[in-house]
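Chemist: Structure file data-v9.cif (mmCIF, C-alpha atoms and all ligand atoms) is given on the next line.
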```cif
data_coords
#
loop_
_atom_site.label_atom_id
_atom_site.label_comp_id
_atom_site.auth_asym_id
_atom_site.auth_seq_id
_atom_site.Cartn_x
_atom_site.Cartn_y
_atom_site.Cartn_z
CA MET U 358 -5.95 -189.20 134.40
CA MET U 359 -3.01 -187.04 133.30
CA PRO U 360 -4.52 -183.83 131.92
CA ASP U 361 -1.37 -181.81 132.69
CA GLN U 362 0.67 -183.84 130.17
CA ASN U 363 -2.03 -183.29 127.58
CA ASN U 364 -1.90 -179.55 128.31
CA SER U 365 1.84 -179.37 127.84
CA ARG U 366 1.58 -181.37 124.60
CA ALA U 367 -1.20 -179.04 123.36
CA ALA U 368 0.70 -175.86 124.28
CA HIS U 369 3.84 -177.04 122.53
CA LEU U 370 1.88 -178.21 119.47
CA ALA U 371 0.89 -174.63 118.62
CA HIS U 372 4.59 -173.65 118.44
CA LEU U 373 6.06 -176.79 116.92
CA ARG U 374 7.25 -175.04 113.74
CA ARG U 375 8.71 -172.03 115.48
CA GLN U 376 12.32 -173.21 115.60
CA GLU U 377 12.31 -173.89 111.84
CA LEU U 378 11.18 -170.40 110.85
CA ALA U 379 13.57 -167.84 109.36
CA LYS U 380 12.86 -164.14 109.64
CA GLY U 381 10.10 -163.19 107.18
CA ASP U 382 8.72 -166.74 106.80
CA PRO U 383 4.94 -167.13 107.03
CA VAL U 384 3.87 -168.32 110.49
CA PRO U 385 1.14 -170.63 109.11
CA LEU U 386 2.20 -173.77 107.23
CA PRO U 387 2.67 -173.25 103.47
CA LEU U 388 0.96 -175.87 101.29
CA THR U 389 3.44 -177.58 98.96
CA MET U 390 1.90 -179.23 95.92
CA ALA U 391 4.79 -180.98 94.16
CA SER U 392 5.50 -184.16 92.26
CA MET U 393 8.97 -182.90 91.20
CA TYR U 394 11.79 -181.38 93.21
CA HIS U 395 14.77 -179.48 91.81
CA LEU U 396 17.37 -182.26 91.84
CA PRO U 397 20.61 -181.85 89.86
CA GLY U 398 23.37 -184.45 90.43
CA SER U 399 23.27 -186.98 93.27
CA PRO U 400 19.73 -187.27 94.69
CA ALA U 401 20.85 -188.66 98.07
CA GLY U 402 19.65 -186.67 101.08
CA PHE U 403 17.17 -184.49 99.16
CA LYS U 404 13.48 -184.55 98.49
CA GLN U 405 13.22 -186.57 95.27
CA TYR U 406 9.71 -187.33 94.14
CA GLY U 407 6.14 -186.72 95.32
CA ARG U 408 5.48 -190.38 96.18
CA PHE U 409 8.49 -190.41 98.53
CA ASP U 410 8.44 -187.01 100.20
CA ASN U 411 6.43 -183.88 100.77
CA PRO U 412 7.10 -180.98 103.15
CA THR U 413 3.38 -180.68 104.03
CA TRP U 414 3.34 -184.36 105.07
CA ASP U 415 6.46 -183.73 107.13
CA ALA U 416 4.69 -180.94 109.02
CA VAL U 417 1.53 -182.92 109.79
CA GLU U 418 3.59 -185.98 110.70
CA ALA U 419 5.69 -183.85 113.06
CA MET U 420 2.45 -182.82 114.80
CA LEU U 421 1.12 -186.39 114.97
CA SER U 422 4.47 -187.64 116.18
CA HIS U 423 4.53 -184.94 118.86
CA LEU U 424 1.03 -185.91 119.99
CA GLU U 425 1.70 -189.67 119.98
CA GLU U 426 5.28 -189.32 121.30
CA ALA U 427 6.30 -191.74 118.57
CA PRO U 428 7.31 -191.58 114.92
CA ALA U 429 4.15 -191.25 112.80
CA LEU U 430 3.30 -191.67 109.11
CA GLY U 431 0.34 -190.12 107.30
CA PHE U 432 -1.97 -192.09 105.01
CA PRO U 433 -4.83 -191.09 102.69
CA SER U 434 -7.47 -192.58 105.06
CA GLY U 435 -7.79 -194.56 108.26
CA MET U 436 -8.25 -197.73 106.21
CA ALA U 437 -5.07 -196.96 104.24
CA ALA U 438 -3.15 -196.84 107.55
CA ILE U 439 -4.70 -200.15 108.66
CA SER U 440 -3.98 -201.70 105.23
CA ALA U 441 -0.36 -200.56 105.43
CA VAL U 442 0.01 -202.29 108.82
CA PHE U 443 -1.54 -205.52 107.55
CA PHE U 444 0.16 -205.74 104.18
CA SER U 445 3.62 -204.62 105.31
CA LEU U 446 3.83 -206.87 108.38
CA LEU U 447 1.87 -210.05 107.62
CA LYS U 448 2.81 -213.04 105.50
CA ALA U 449 1.19 -216.34 104.48
CA GLY U 450 0.69 -218.65 107.44
CA ASP U 451 0.15 -215.81 109.97
CA ARG U 452 -2.99 -215.62 112.12
CA ILE U 453 -4.48 -212.40 113.40
CA LEU U 454 -7.13 -211.56 115.98
CA LEU U 455 -9.67 -208.77 115.39
CA PRO U 456 -12.54 -207.41 117.49
CA SER U 457 -15.88 -208.86 116.37
CA ASP U 458 -17.64 -205.60 117.33
CA GLY U 459 -15.15 -203.05 115.95
CA TYR U 460 -15.13 -201.03 112.74
CA TYR U 461 -16.69 -203.36 110.18
CA THR U 462 -14.38 -202.52 107.26
CA THR U 463 -11.30 -203.81 109.12
CA ARG U 464 -12.90 -207.28 109.37
CA LEU U 465 -14.08 -207.12 105.76
CA LEU U 466 -10.57 -206.20 104.57
CA ALA U 467 -9.16 -209.25 106.37
CA GLU U 468 -11.87 -211.53 105.00
CA ARG U 469 -11.63 -210.29 101.41
CA PHE U 470 -7.90 -209.65 101.01
CA LEU U 471 -5.89 -211.32 103.81
CA LYS U 472 -7.59 -214.71 103.77
CA PRO U 473 -6.90 -215.33 100.03
CA ILE U 474 -3.16 -214.73 100.60
CA GLY U 475 -3.02 -217.16 103.52
CA VAL U 476 -3.48 -214.88 106.54
CA ALA U 477 -6.28 -216.21 108.76
CA ALA U 478 -8.33 -213.88 110.96
CA ASP U 479 -10.31 -214.79 114.09
CA THR U 480 -12.63 -212.43 115.92
CA ARG U 481 -13.57 -211.93 119.55
CA PRO U 482 -15.85 -209.43 121.37
CA THR U 483 -14.02 -206.41 122.80
CA ALA U 484 -15.58 -206.79 126.26
CA SER U 485 -14.08 -210.31 126.65
CA PHE U 486 -11.00 -209.81 124.49
CA LEU U 487 -8.60 -211.38 127.01
CA ASP U 488 -10.56 -214.63 127.23
CA GLY U 489 -8.84 -217.42 125.35
CA GLY U 490 -5.34 -215.91 125.37
CA PHE U 491 -3.25 -215.05 122.30
CA ASP U 492 -1.26 -218.20 121.50
CA GLY U 493 -0.63 -218.62 117.79
CA TYR U 494 -1.31 -215.00 116.80
CA ARG U 495 1.19 -212.87 114.91
CA LEU U 496 -0.89 -209.73 115.36
CA VAL U 497 -3.60 -208.80 117.85
CA PHE U 498 -5.78 -205.81 116.93
CA VAL U 499 -7.80 -203.92 119.53
CA GLU U 500 -10.31 -201.12 119.09
CA THR U 501 -11.33 -199.57 122.39
CA PRO U 502 -13.87 -198.15 122.91
CA SER U 503 -15.24 -200.21 120.04
CA ASN U 504 -17.20 -198.50 117.29
CA PRO U 505 -20.20 -198.48 117.62
CA GLY U 506 -20.99 -200.48 120.81
CA LEU U 507 -18.50 -198.60 123.08
CA ASP U 508 -17.27 -201.69 124.91
CA ILE U 509 -13.68 -201.47 126.04
CA CYS U 510 -10.79 -203.84 126.70
CA ASP U 511 -7.73 -203.52 128.92
CA ILE U 512 -4.90 -202.45 126.57
CA THR U 513 -2.20 -203.04 129.21
CA ALA U 514 -3.38 -206.58 129.99
CA VAL U 515 -3.90 -207.45 126.30
CA SER U 516 -0.42 -206.12 125.45
CA LYS U 517 1.25 -208.12 128.24
CA ALA U 518 -0.48 -211.38 127.31
CA ALA U 519 -0.07 -210.86 123.55
CA HIS U 520 3.64 -210.04 123.93
CA ALA U 521 4.14 -213.17 126.04
CA ALA U 522 2.57 -215.12 123.15
CA GLY U 523 4.89 -213.42 120.63
CA ALA U 524 2.27 -211.22 118.96
CA LEU U 525 2.42 -207.56 117.92
CA VAL U 526 -0.39 -205.42 119.34
CA VAL U 527 -2.12 -202.86 117.12
CA ALA U 528 -4.59 -200.38 118.64
CA ASP U 529 -7.13 -198.45 116.60
CA ASN U 530 -7.41 -195.23 118.63
CA THR U 531 -9.87 -193.44 116.33
CA THR U 532 -12.65 -193.01 118.87
CA MET U 533 -10.34 -191.43 121.48
CA THR U 534 -7.60 -189.36 119.72
CA PRO U 535 -4.15 -188.83 121.33
CA TYR U 536 -5.73 -186.55 123.95
CA GLY U 537 -8.20 -189.19 125.13
CA GLN U 538 -6.17 -192.38 125.29
CA ARG U 539 -2.50 -193.34 124.91
CA PRO U 540 -2.28 -196.94 123.67
CA LEU U 541 1.49 -196.83 123.03
CA ASP U 542 2.08 -195.81 126.66
CA LEU U 543 -0.13 -198.72 127.73
CA GLY U 544 1.98 -201.25 125.80
CA ALA U 545 0.56 -201.41 122.26
CA ASP U 546 3.25 -201.68 119.56
CA ILE U 547 1.43 -199.83 116.81
CA LEU U 548 -1.30 -197.21 116.85
CA VAL U 549 -3.59 -196.59 113.90
CA ALA U 550 -6.27 -193.91 113.66
CA ALA U 551 -8.66 -192.28 111.23
CA ASP U 552 -7.87 -188.55 111.33
CA THR U 553 -10.93 -188.26 109.13
CA LYS U 554 -12.83 -188.06 112.43
CA ALA U 555 -12.07 -185.69 115.33
CA PRO U 556 -8.40 -184.87 114.52
CA ASN U 557 -9.37 -183.14 111.27
CA GLY U 558 -12.73 -182.37 112.81
CA HIS U 559 -14.43 -180.50 109.98
CA SER U 560 -15.84 -183.43 107.97
CA ASP U 561 -14.09 -182.35 104.78
CA VAL U 562 -11.10 -184.70 104.56
CA LEU U 563 -10.14 -188.36 104.75
CA PHE U 564 -6.78 -189.03 106.40
CA GLY U 565 -5.15 -191.58 108.68
CA HIS U 566 -1.93 -192.25 110.50
CA ALA U 567 0.09 -195.06 112.01
CA ALA U 568 2.58 -194.51 114.84
CA SER U 569 5.04 -196.82 116.55
CA ARG U 570 8.17 -196.69 118.73
CA ASN U 571 9.40 -199.82 116.93
CA ALA U 572 11.87 -198.67 114.24
CA GLU U 573 11.51 -201.86 112.16
CA VAL U 574 7.76 -201.44 112.03
CA MET U 575 8.06 -197.80 110.95
CA ALA U 576 10.60 -198.72 108.24
CA ALA U 577 8.25 -201.40 106.88
CA LEU U 578 5.31 -198.98 106.86
CA ALA U 579 7.33 -196.26 105.12
CA GLU U 580 8.55 -198.70 102.47
CA TRP U 581 5.03 -200.03 101.94
CA ARG U 582 3.70 -196.49 101.45
CA ARG U 583 6.48 -195.58 99.01
CA LEU U 584 6.11 -198.76 96.93
CA ALA U 585 2.36 -199.39 97.09
CA GLY U 586 1.65 -195.70 96.45
CA GLY U 587 -1.07 -195.19 99.05
CA ILE U 588 0.10 -191.67 99.84
CA PRO U 589 -1.85 -188.75 101.32
CA GLY U 590 -2.61 -185.71 99.18
CA PRO U 591 -0.66 -182.61 100.29
CA PHE U 592 -3.82 -180.51 100.52
CA GLU U 593 -5.47 -183.10 102.77
CA ALA U 594 -2.33 -183.12 104.91
CA TRP U 595 -2.49 -179.32 105.10
CA LEU U 596 -6.14 -179.41 106.22
CA VAL U 597 -5.40 -182.04 108.89
CA HIS U 598 -2.49 -179.87 110.08
CA ARG U 599 -4.94 -177.01 110.51
CA GLY U 600 -7.48 -179.28 112.21
CA LEU U 601 -4.94 -180.61 114.70
CA GLU U 602 -4.19 -177.07 115.87
CA THR U 603 -7.64 -176.93 117.49
CA LEU U 604 -8.11 -180.61 118.42
CA ASP U 605 -7.42 -179.94 122.09
CA VAL U 606 -10.18 -177.32 122.46
CA ARG U 607 -12.67 -179.17 120.28
CA PHE U 608 -12.10 -182.52 121.96
CA ASP U 609 -12.36 -180.97 125.42
CA ARG U 610 -15.69 -179.32 124.57
CA MET U 611 -17.05 -182.45 122.88
CA CYS U 612 -16.11 -184.78 125.77
CA SER U 613 -17.43 -182.38 128.44
CA SER U 614 -20.73 -182.01 126.60
CA ALA U 615 -21.00 -185.78 126.11
CA GLU U 616 -20.61 -186.30 129.89
CA ILE U 617 -23.51 -183.91 130.54
CA LEU U 618 -25.74 -185.27 127.77
CA ALA U 619 -25.18 -188.97 128.63
CA ARG U 620 -26.51 -188.36 132.16
CA ARG U 621 -29.59 -186.59 130.83
CA PHE U 622 -30.31 -189.37 128.33
CA LEU U 623 -30.01 -191.89 131.15
CA GLU U 624 -32.76 -190.08 133.06
CA HIS U 625 -34.96 -189.52 130.02
CA ARG U 626 -38.10 -191.66 130.00
CA THR U 627 -38.11 -192.49 126.26
CA VAL U 628 -34.47 -193.60 126.10
CA ARG U 629 -34.29 -197.38 126.65
CA SER U 630 -30.56 -197.59 127.34
CA VAL U 631 -27.38 -195.54 127.18
CA ARG U 632 -23.79 -196.70 126.73
CA PHE U 633 -21.12 -194.14 127.60
CA PRO U 634 -17.89 -195.04 129.42
CA GLY U 635 -18.22 -191.97 131.65
CA LEU U 636 -21.45 -193.17 133.32
CA GLU U 637 -20.77 -194.74 136.72
CA ASN U 638 -23.11 -197.67 135.98
CA ASP U 639 -21.59 -198.40 132.56
CA PRO U 640 -19.88 -201.82 132.32
CA ALA U 641 -16.82 -200.05 130.86
CA HIS U 642 -16.58 -197.34 133.53
CA ASN U 643 -14.01 -198.70 135.99
CA LEU U 644 -11.53 -199.68 133.30
CA ALA U 645 -12.20 -196.43 131.41
CA ARG U 646 -11.23 -194.42 134.50
CA ILE U 647 -7.88 -196.19 134.59
CA GLN U 648 -6.94 -196.33 130.94
CA MET U 649 -8.54 -193.29 129.31
CA GLN U 650 -7.76 -189.59 129.83
CA ARG U 651 -11.31 -188.63 128.83
CA PHE U 652 -14.48 -190.63 128.23
CA GLY U 653 -14.85 -189.58 124.60
CA PHE U 654 -17.60 -187.81 122.65
CA LEU U 655 -19.55 -190.81 121.33
CA ILE U 656 -22.76 -191.89 123.05
CA ALA U 657 -24.68 -195.03 122.15
CA LEU U 658 -28.43 -194.63 122.71
CA THR U 659 -31.13 -197.19 122.23
CA LEU U 660 -34.60 -195.85 121.50
CA GLY U 661 -37.82 -197.85 121.33
CA SER U 662 -37.85 -198.63 117.61
CA GLU U 663 -36.34 -197.90 114.22
CA ALA U 664 -39.04 -195.29 113.56
CA GLU U 665 -38.44 -193.55 116.88
CA ALA U 666 -34.68 -193.46 116.31
CA GLU U 667 -35.02 -192.08 112.79
CA ALA U 668 -37.52 -189.46 113.98
CA PHE U 669 -35.17 -188.40 116.81
CA ILE U 670 -32.21 -187.99 114.45
CA ASP U 671 -34.02 -186.33 111.60
CA GLY U 672 -36.22 -184.17 113.82
CA CYS U 673 -33.39 -182.54 115.78
CA ALA U 674 -32.27 -179.19 114.39
CA TYR U 675 -28.76 -179.66 115.81
CA ILE U 676 -28.07 -183.21 114.66
CA GLN U 677 -26.68 -183.93 111.20
CA PRO U 678 -28.04 -187.29 110.01
CA ALA U 679 -24.79 -188.72 108.65
CA THR U 680 -22.39 -191.61 108.92
CA SER U 681 -18.92 -190.98 110.37
CA PHE U 682 -18.29 -188.88 113.49
CA GLY U 683 -15.99 -186.41 115.21
CA GLY U 684 -17.06 -183.21 113.40
CA VAL U 685 -17.62 -179.79 114.97
CA HIS U 686 -21.32 -180.37 114.32
CA THR U 687 -23.20 -183.06 116.25
CA SER U 688 -24.14 -186.00 114.04
CA ALA U 689 -25.90 -189.33 114.48
CA GLU U 690 -27.08 -192.41 112.72
CA ARG U 691 -28.89 -195.68 113.28
CA ARG U 692 -26.15 -198.27 112.94
CA ALA U 693 -28.51 -201.14 112.07
CA ARG U 694 -28.91 -199.50 108.65
CA TRP U 695 -25.37 -200.76 107.88
CA GLY U 696 -26.00 -204.22 109.32
CA ASP U 697 -24.13 -203.73 112.63
CA ALA U 698 -25.23 -206.26 115.26
CA VAL U 699 -27.23 -203.72 117.29
CA ALA U 700 -30.92 -203.09 118.06
CA PRO U 701 -33.01 -201.34 115.34
CA GLY U 702 -33.41 -198.31 117.65
CA PHE U 703 -29.64 -198.07 118.39
CA VAL U 704 -28.24 -194.61 117.62
CA ARG U 705 -24.55 -193.67 117.60
CA LEU U 706 -24.41 -190.02 118.57
CA SER U 707 -21.26 -187.98 117.96
CA VAL U 708 -21.38 -184.90 120.17
CA GLY U 709 -20.03 -181.79 118.45
CA CYS U 710 -18.90 -178.36 119.59
CA GLU U 711 -22.31 -176.65 119.91
CA PRO U 712 -23.05 -175.06 123.31
CA VAL U 713 -24.38 -177.93 125.41
CA GLU U 714 -27.60 -176.42 126.80
CA GLU U 715 -28.79 -175.43 123.31
CA LEU U 716 -27.92 -178.93 122.14
CA TRP U 717 -29.85 -180.55 124.98
CA GLU U 718 -32.94 -178.36 124.41
CA ALA U 719 -33.00 -179.41 120.73
CA MET U 720 -32.47 -183.08 121.60
CA LYS U 721 -35.10 -183.06 124.31
CA ALA U 722 -37.65 -181.56 121.92
CA SER U 723 -36.80 -184.11 119.27
CA LEU U 724 -37.02 -187.04 121.72
CA ALA U 725 -40.48 -185.85 122.76
CA GLY U 726 -41.57 -185.54 119.12
CA ALA U 727 -40.13 -188.94 118.22
CA ALA U 728 -41.95 -190.69 121.06
CA GLY U 729 -45.11 -189.08 119.65
C1 LIG Y 801 -13.71 -194.38 110.38
C2 LIG Y 801 -12.91 -195.43 111.04
C3 LIG Y 801 -11.87 -196.08 110.35
C4 LIG Y 801 -11.58 -195.84 108.89
O1 LIG Y 801 -11.25 -194.54 108.58
P1 LIG Y 801 -11.39 -193.96 107.07
O2 LIG Y 801 -10.69 -192.67 107.13
O3 LIG Y 801 -12.85 -193.89 106.78
O4 LIG Y 801 -10.72 -194.95 106.17
C5 LIG Y 801 -11.13 -197.04 111.04
N1 LIG Y 801 -11.39 -197.33 112.32
C6 LIG Y 801 -12.38 -196.74 113.00
C7 LIG Y 801 -12.61 -197.11 114.44
C8 LIG Y 801 -13.17 -195.77 112.39
O5 LIG Y 801 -14.17 -195.20 113.08
#
```
Show this structure as structure tokens.
Modeler:
Amino acid sequence: MMPDQNNSRAAHLAHLRRQELAKGDPVPLPLTMASMYHLPGSPAGFKQYGRFDNPTWDAVEAMLSHLEEAPALGFPSGMAAISAVFFSLLKAGDRILLPSDGYYTTRLLAERFLKPIGVAADTRPTASFLDGGFDGYRLVFVETPSNPGLDICDITAVSKAAHAAGALVVADNTTMTPYGQRPLDLGADILVAADTKAPNGHSDVLFGHAASRNAEVMAALAEWRRLAGGIPGPFEAWLVHRGLETLDVRFDRMCSSAEILARRFLEHRTVRSVRFPGLENDPAHNLARIQMQRFGFLIALTLGSEAEAEAFIDGCAYIQPATSFGGVHTSAERRARWGDAVAPGFVRLSVGCEPVEELWEAMKASLAGAAG
């Protein structure tokens, strides 16, 4: 655990733009909506066109790069960042390894659009990701904790073994954010994340980023974005910039509340099981203590049945029944409704920024009502 480094990153983040400001400039970031830039004569060294450059992207990327301690590029969604990694770095004949229990769309993307161009994808459960080694893979993709099951894998050990086998390691850090886990410091080559979730935090934007300390990788990603045209909107970038300013406080509150709530769920008689890396008896706990700065704000609960789970979610005044997670408001959903390989009563709960005792009172009342 290195909370002091997170604190210094957070303190500096709030003043990142200060050195660029001239007297009389607005302190908050101006939003620049532009496809054209004033460009007489030679275009070299200037902003040229809205698909190549935008000052609002530059500002949000400077923040992301500061947080990741690595060059970062913004994308219009988390999936756009993952697509950029796949399509800029893979070629026919390559094999990749994905988590079988991670974000479903990543596997579907590989199945639908990598396979037909000759890139094969295998899958493996996150909890046993090291088993079987990494020989023959060009790219190894980890998602830890996995969404929605919250299993984790050892990023350092995976990176070592994958590098020895000649593979690049990509880590999807969406569930943890740069304040909760630092995959690049643990050995991953590329980080991808959906800023749609906690980094933006207000459930009003889709955005993603990729970050890497490998200059060739970043050049390939930048070229892909410029040519393929999957660019973020400036207004979305502006909103994510605003969201990132408060990520530290929101994430701290959300993780602290999740630690309190997970323990109470564990003791609650109508909750069948709880997965949360911060619980001492959780299979992920020992590794989580070593590799994560915080335990996150997602809790996986299993209630007795589909009906009980739906009644718990819908009957709680302080839970938004919704897919996605990481907002200031607590939200939850039954993942089996999307076909995830989980029990019918499995609920993914995303703890928000509400005061925790009020949240628990509302949840306790709803659990009692749901159990009937
Ligand atoms: C949401 C999510 C994504 C995709 O992000 P979008 O912004 O919806 O494209 C990728 N990975 C994980 C782990 C996610 O939770």
Chemist: From the options U:Ala524, U:Leu507, U:Leu724, U:Val515, which residue's atoms come nearest to ligand LIG 801 (chain Y), counting only C-alpha atoms and all ligand atoms?
Modeler: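 Of U:Ala524, U:Leu507, U:Leu724, U:Val515, the one nearest ligand LIG 801 (chain Y), counting only C-alpha atoms and all ligand atoms, is U:Leu507.
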Chemist: Step by step, measure atom-to-atom distances between ligand LIG 801 (chain Y) and each residue using all atoms listed in the file, keep those at most 6 Å, then write them as a PDB file with C-alpha atoms, keeping the file's coordinate frame.
Modeler:
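Full text of out27.pdb as output:
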```
ATOM      1  CA  SER U 434      -7.470-192.580 105.060  1.00  0.00           C
ATOM      2  CA  GLY U 435      -7.790-194.560 108.260  1.00  0.00           C
ATOM      3  CA  MET U 436      -8.250-197.730 106.210  1.00  0.00           C
ATOM      4  CA  TYR U 460     -15.130-201.030 112.740  1.00  0.00           C
ATOM      5  CA  ASN U 504     -17.200-198.500 117.290  1.00  0.00           C
ATOM      6  CA  THR U 531      -9.870-193.440 116.330  1.00  0.00           C
ATOM      7  CA  ALA U 551      -8.660-192.280 111.230  1.00  0.00           C
ATOM      8  CA  THR U 553     -10.930-188.260 109.130  1.00  0.00           C
ATOM      9  CA  LEU U 563     -10.140-188.360 104.750  1.00  0.00           C
ATOM     10  CA  PHE U 564      -6.780-189.030 106.400  1.00  0.00           C
ATOM     11  CA  GLY U 565      -5.150-191.580 108.680  1.00  0.00           C
TER      12      GLY U 565
END
```
Chemist: Between U:His395, U:His372, U:Lys472, U:Arg481, single out the one closest to Leu455 in chain U, counting all atoms listed in the file.
Modeler: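 Comparing U:His395, U:His372, U:Lys472, U:Arg481 against Leu455 in chain U, the winner is U:Arg481.
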Chemist: Just want the 12 Å neighbourhood of Asp639 in chain U, counted on all atoms listed in the file, with same-chain residues fewer than 3 positions away dropped. Output as a list in words.
Modeler: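 Using all atoms listed in the file, the neighbours found are Gly506, Leu507, Asp508, Ile509, Ala619, Arg620, Leu623, Ser630, Val631, Arg632, Phe633, Pro634, Gly635, Leu636, His642, Asn643, Leu644, Ala645, Arg646, Phe652, Ile656 and Ala657 of chain U.
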Chemist: Please report the interatomic distance between CA of Gly587 in chain U and CA of Ala478 in chain U in Å with one decimal.
Modeler: 23.3 Å
Chemist: In terms of the shortest atom-to-atom distance over only C-alpha atoms, which of U:Leu706, U:Val699, U:Ala484, U:Leu604 is closest to Ile676 in chain U?
Modeler: U:Leu706
Chemist: How big is the axis-aligned box around the listed atoms of range 503-514 of chain U once 8 Å is added on each side, and where is its centre? Give both in Å to one decimal, as lines of an AutoDock Vina configuration file.
Modeler:
```
center_x = -11.6
center_y = -202.5
center_z = 123.6
size_x = 34.8
size_y = 24.1
size_z = 28.7
```
Chemist: At a cut-off of 7 Å, using all atoms listed in the file, what residues contact range 533-540 of chain U? Leave out same-chain residues fewer than 4 positions from it and give the result as a list of chain:residue names.
Modeler: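 Those residues are U:Asn363, U:Leu424, U:Glu425, U:Ile512, U:Ala528, U:Gly544, U:Ala545, U:Leu548, U:Pro556, U:Gln648, U:Met649, U:Gln650, U:Arg651, U:Gly653.
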Chemist: From the set U:Glu593, U:Asp529, U:Glu426, U:Asp382, which residue has the shortest atom-to-atom contact distance to Asp561 in chain U, counting all atoms listed in the file?
Modeler: U:Glu593
Chemist: Name the closest residue to Cys673 in chain U among the candidates U:Gly726, U:Gly709, U:Pro473, U:Pro456; distances are taken between atoms, counting all atoms listed in the file.
Modeler: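 Comparing U:Gly726, U:Gly709, U:Pro473, U:Pro456 against Cys673 in chain U, the winner is U:Gly726.
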Chemist: Skipping near chain neighbours, those fewer than 5 positions away, what residues fall within 12 Å of Gly672 in chain U using only C-alpha atoms, listed as a VMD selection string?
Modeler: chain U and resid 664 to 667 677 to 678 689 719 to 729
Chemist: Quick one: of U:Arg626, U:Arg452, U:Arg374, U:His520, who's nearest to Gly661 in chain U, counting all atoms listed in the file?
Modeler: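 Of the candidates, the smallest distance to Gly661 in chain U is held by U:Arg626.
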Chemist: Could you work out how far CA of Pro482 in chain U lies from CA of Met575 in chain U, giving the answer in Å with one decimal?
Modeler: 28.6 Å
